[in-house]
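Take a look at the structure below.
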Amino acid sequence: MKLLIHGRNLELTQALRDYTESKLTRAVNHFNGLVTEADVHLSVARNPRVPQQTAEVTVFAAGTVIRAQERSENLYASIDLVANKLARQLKRYKDRRADHHHGPAAAAEAEPNLQGDLTAGRSAALPAPTVRRKYFAMAPMGLDDALHQLELIDHDFYVFRDRDSGELQVVYRRNHGGYGVIQQRA
């Protein structure tokens, strides 16, 4: 597993790197076949009256992005909490794949390699300073799969390509509970 560790408003000591690596390695140990890369962001709030230290982890597992974030007054505690949360999310993801009778071979066949398609015909160019662009392969999926992905990435919304219509849609959490879907009007 490729592990990238970044720090914001703090010095990344070797002890902190080693602790983060050992906790995340232990958390994803049972899922090594799934997890290819983990991106860790550790940060400390600049305001001394708000003792928040955050650990945020984004894991790339078999074509799926799983994200976990935790805050506490201690960075080591935040790392522990995020590692536990990540292990639960990976277990839920693995169980869901098993429930849908998707083995590793079936998942590899179902997910085409779109990496080359994303960069074909494009040249590297710097975006405007205030705009960050991200490019993702969007394999077609149903609404249930999109809701599951929304839970895994722990964001407020998820953009997906509908399996039936082929159109881009957005599923989001409503403020008062439940979910909403934004669709293109025909």
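To be explicit about the labels: the chains of the structure tokens are called A, B, and onward in the order shown, and within each one the residues are counted from 1, while ligands get numbers from 1 in the order they are shown.
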Fewer than 6 positions away in the same chain doesn't count, so skip those; otherwise give me all residues within 6 Å of stretch 78-87 of chain A, counting only C-alpha atoms, as number ranges by chain.
A: 24, 27, 55, 68-72
Expected file: the selected residues, N, CA and C atoms, as a PDB file, in the first residue's frame:
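Contents of part.pdb, freshly written:
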```pdb
ATOM      1  N   LEU A  24      -2.452   2.928  10.559  1.00  0.00           N
ATOM      2  CA  LEU A  24      -3.182   2.715   9.310  1.00  0.00           C
ATOM      3  C   LEU A  24      -2.877   1.347   8.710  1.00  0.00           C
ATOM      4  N   ALA A  27      -5.008  -0.979  10.525  1.00  0.00           N
ATOM      5  CA  ALA A  27      -6.428  -0.805  10.197  1.00  0.00           C
ATOM      6  C   ALA A  27      -6.782  -1.435   8.855  1.00  0.00           C
ATOM      7  N   ALA A  55      -7.175  14.478  11.904  1.00  0.00           N
ATOM      8  CA  ALA A  55      -6.574  13.448  11.061  1.00  0.00           C
ATOM      9  C   ALA A  55      -7.613  13.086  10.011  1.00  0.00           C
ATOM     10  N   ALA A  68     -12.283   9.151   5.753  1.00  0.00           N
ATOM     11  CA  ALA A  68     -12.620   9.252   7.168  1.00  0.00           C
ATOM     12  C   ALA A  68     -11.889  10.453   7.754  1.00  0.00           C
ATOM     13  N   GLN A  69     -12.550  11.141   8.679  1.00  0.00           N
ATOM     14  CA  GLN A  69     -11.954  12.313   9.318  1.00  0.00           C
ATOM     15  C   GLN A  69     -12.376  12.332  10.776  1.00  0.00           C
ATOM     16  N   GLU A  70     -11.436  12.643  11.657  1.00  0.00           N
ATOM     17  CA  GLU A  70     -11.719  12.753  13.083  1.00  0.00           C
ATOM     18  C   GLU A  70     -10.933  13.913  13.669  1.00  0.00           C
ATOM     19  N   ARG A  71     -11.541  14.563  14.686  1.00  0.00           N
ATOM     20  CA  ARG A  71     -10.909  15.686  15.383  1.00  0.00           C
ATOM     21  C   ARG A  71     -10.918  15.409  16.878  1.00  0.00           C
ATOM     22  N   SER A  72      -9.864  15.854  17.545  1.00  0.00           N
ATOM     23  CA  SER A  72      -9.820  15.784  19.006  1.00  0.00           C
ATOM     24  C   SER A  72      -8.786  16.801  19.485  1.00  0.00           C
TER      25      SER A  72
END
```
DSSP alpha helix (DSSP H) selection over chain A, as number ranges by chain:
A: 14-28, 75-99, 104-110, 115-119, 143-153
Can you pull out every residue from chain A that DSSP, working from the backbone, puts in strand (DSSP E or B), and format the result as a VMD selection string?
chain A and resid 2 to 8 35 to 44 53 to 61 64 to 72 141 157 to 162 168 to 173 179 to 182
Using C-alpha atoms, can you write the selected residues to a file as a short mmCIF file (atom, residue, chain, number, x, y, z; two decimals), in the first residue's frame?
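Wrote it out as out22.cif, contents follow:
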```
data_model
loop_
_atom_site.label_atom_id
_atom_site.label_comp_id
_atom_site.auth_asym_id
_atom_site.auth_seq_id
_atom_site.Cartn_x
_atom_site.Cartn_y
_atom_site.Cartn_z
CA LYS A 2 1.29 3.42 -0.97
CA LEU A 3 1.02 5.82 1.99
CA LEU A 4 1.29 9.61 1.66
CA ILE A 5 1.36 11.70 4.85
CA HIS A 6 0.94 15.49 4.78
CA GLY A 7 0.96 17.99 7.64
CA ARG A 8 -0.60 21.44 7.98
CA VAL A 35 -6.38 -0.94 -0.61
CA THR A 36 -3.87 0.43 -3.08
CA GLU A 37 -3.17 3.90 -1.71
CA ALA A 38 -3.84 5.99 1.39
CA ASP A 39 -3.54 9.77 1.60
CA VAL A 40 -3.27 11.18 5.14
CA HIS A 41 -3.65 14.84 6.10
CA LEU A 42 -2.77 15.80 9.68
CA SER A 43 -3.51 19.33 10.80
CA VAL A 44 -3.56 21.52 13.88
CA GLN A 53 -6.17 18.47 15.87
CA THR A 54 -7.48 16.69 12.80
CA ALA A 55 -6.57 13.45 11.06
CA GLU A 56 -8.14 12.92 7.63
CA VAL A 57 -7.56 9.76 5.56
CA THR A 58 -8.58 9.06 1.98
CA VAL A 59 -8.19 5.44 0.88
CA PHE A 60 -8.36 4.18 -2.69
CA ALA A 61 -9.73 0.63 -2.57
CA THR A 64 -13.68 3.09 -4.64
CA VAL A 65 -12.73 6.12 -2.58
CA ILE A 66 -13.27 5.80 1.18
CA ARG A 67 -12.73 8.84 3.40
CA ALA A 68 -12.62 9.25 7.17
CA GLN A 69 -11.95 12.31 9.32
CA GLU A 70 -11.72 12.75 13.08
CA ARG A 71 -10.91 15.69 15.38
CA SER A 72 -9.82 15.78 19.01
CA MET A 141 -24.15 2.76 -11.02
CA PHE A 157 -22.95 14.97 -1.87
CA TYR A 158 -21.83 12.42 -4.48
CA VAL A 159 -21.83 12.82 -8.27
CA PHE A 160 -22.46 9.65 -10.29
CA ARG A 161 -23.44 8.42 -13.74
CA ASP A 162 -26.83 6.69 -13.67
CA LEU A 168 -24.81 12.56 -14.47
CA GLN A 169 -26.75 12.88 -11.22
CA VAL A 170 -26.01 14.18 -7.74
CA VAL A 171 -27.20 12.51 -4.56
CA TYR A 172 -26.98 14.62 -1.39
CA ARG A 173 -27.86 14.64 2.31
CA TYR A 179 -31.42 12.19 0.78
CA GLY A 180 -32.11 14.11 -2.39
CA VAL A 181 -31.21 13.52 -6.03
CA ILE A 182 -30.47 16.23 -8.58
#
```
Nearest to A:Arg26 among A:Met1, A:Leu12, A:Leu152, A:Ala45, with distances taken over only C-alpha atoms: which residue is it?
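Of the candidates, the smallest distance to A:Arg26 is held by A:Met1.
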Figure out the distance between atom CA of A:Gly142 and atom CA of A:Asn175, please, to one decimal in Å.
22.9 Å
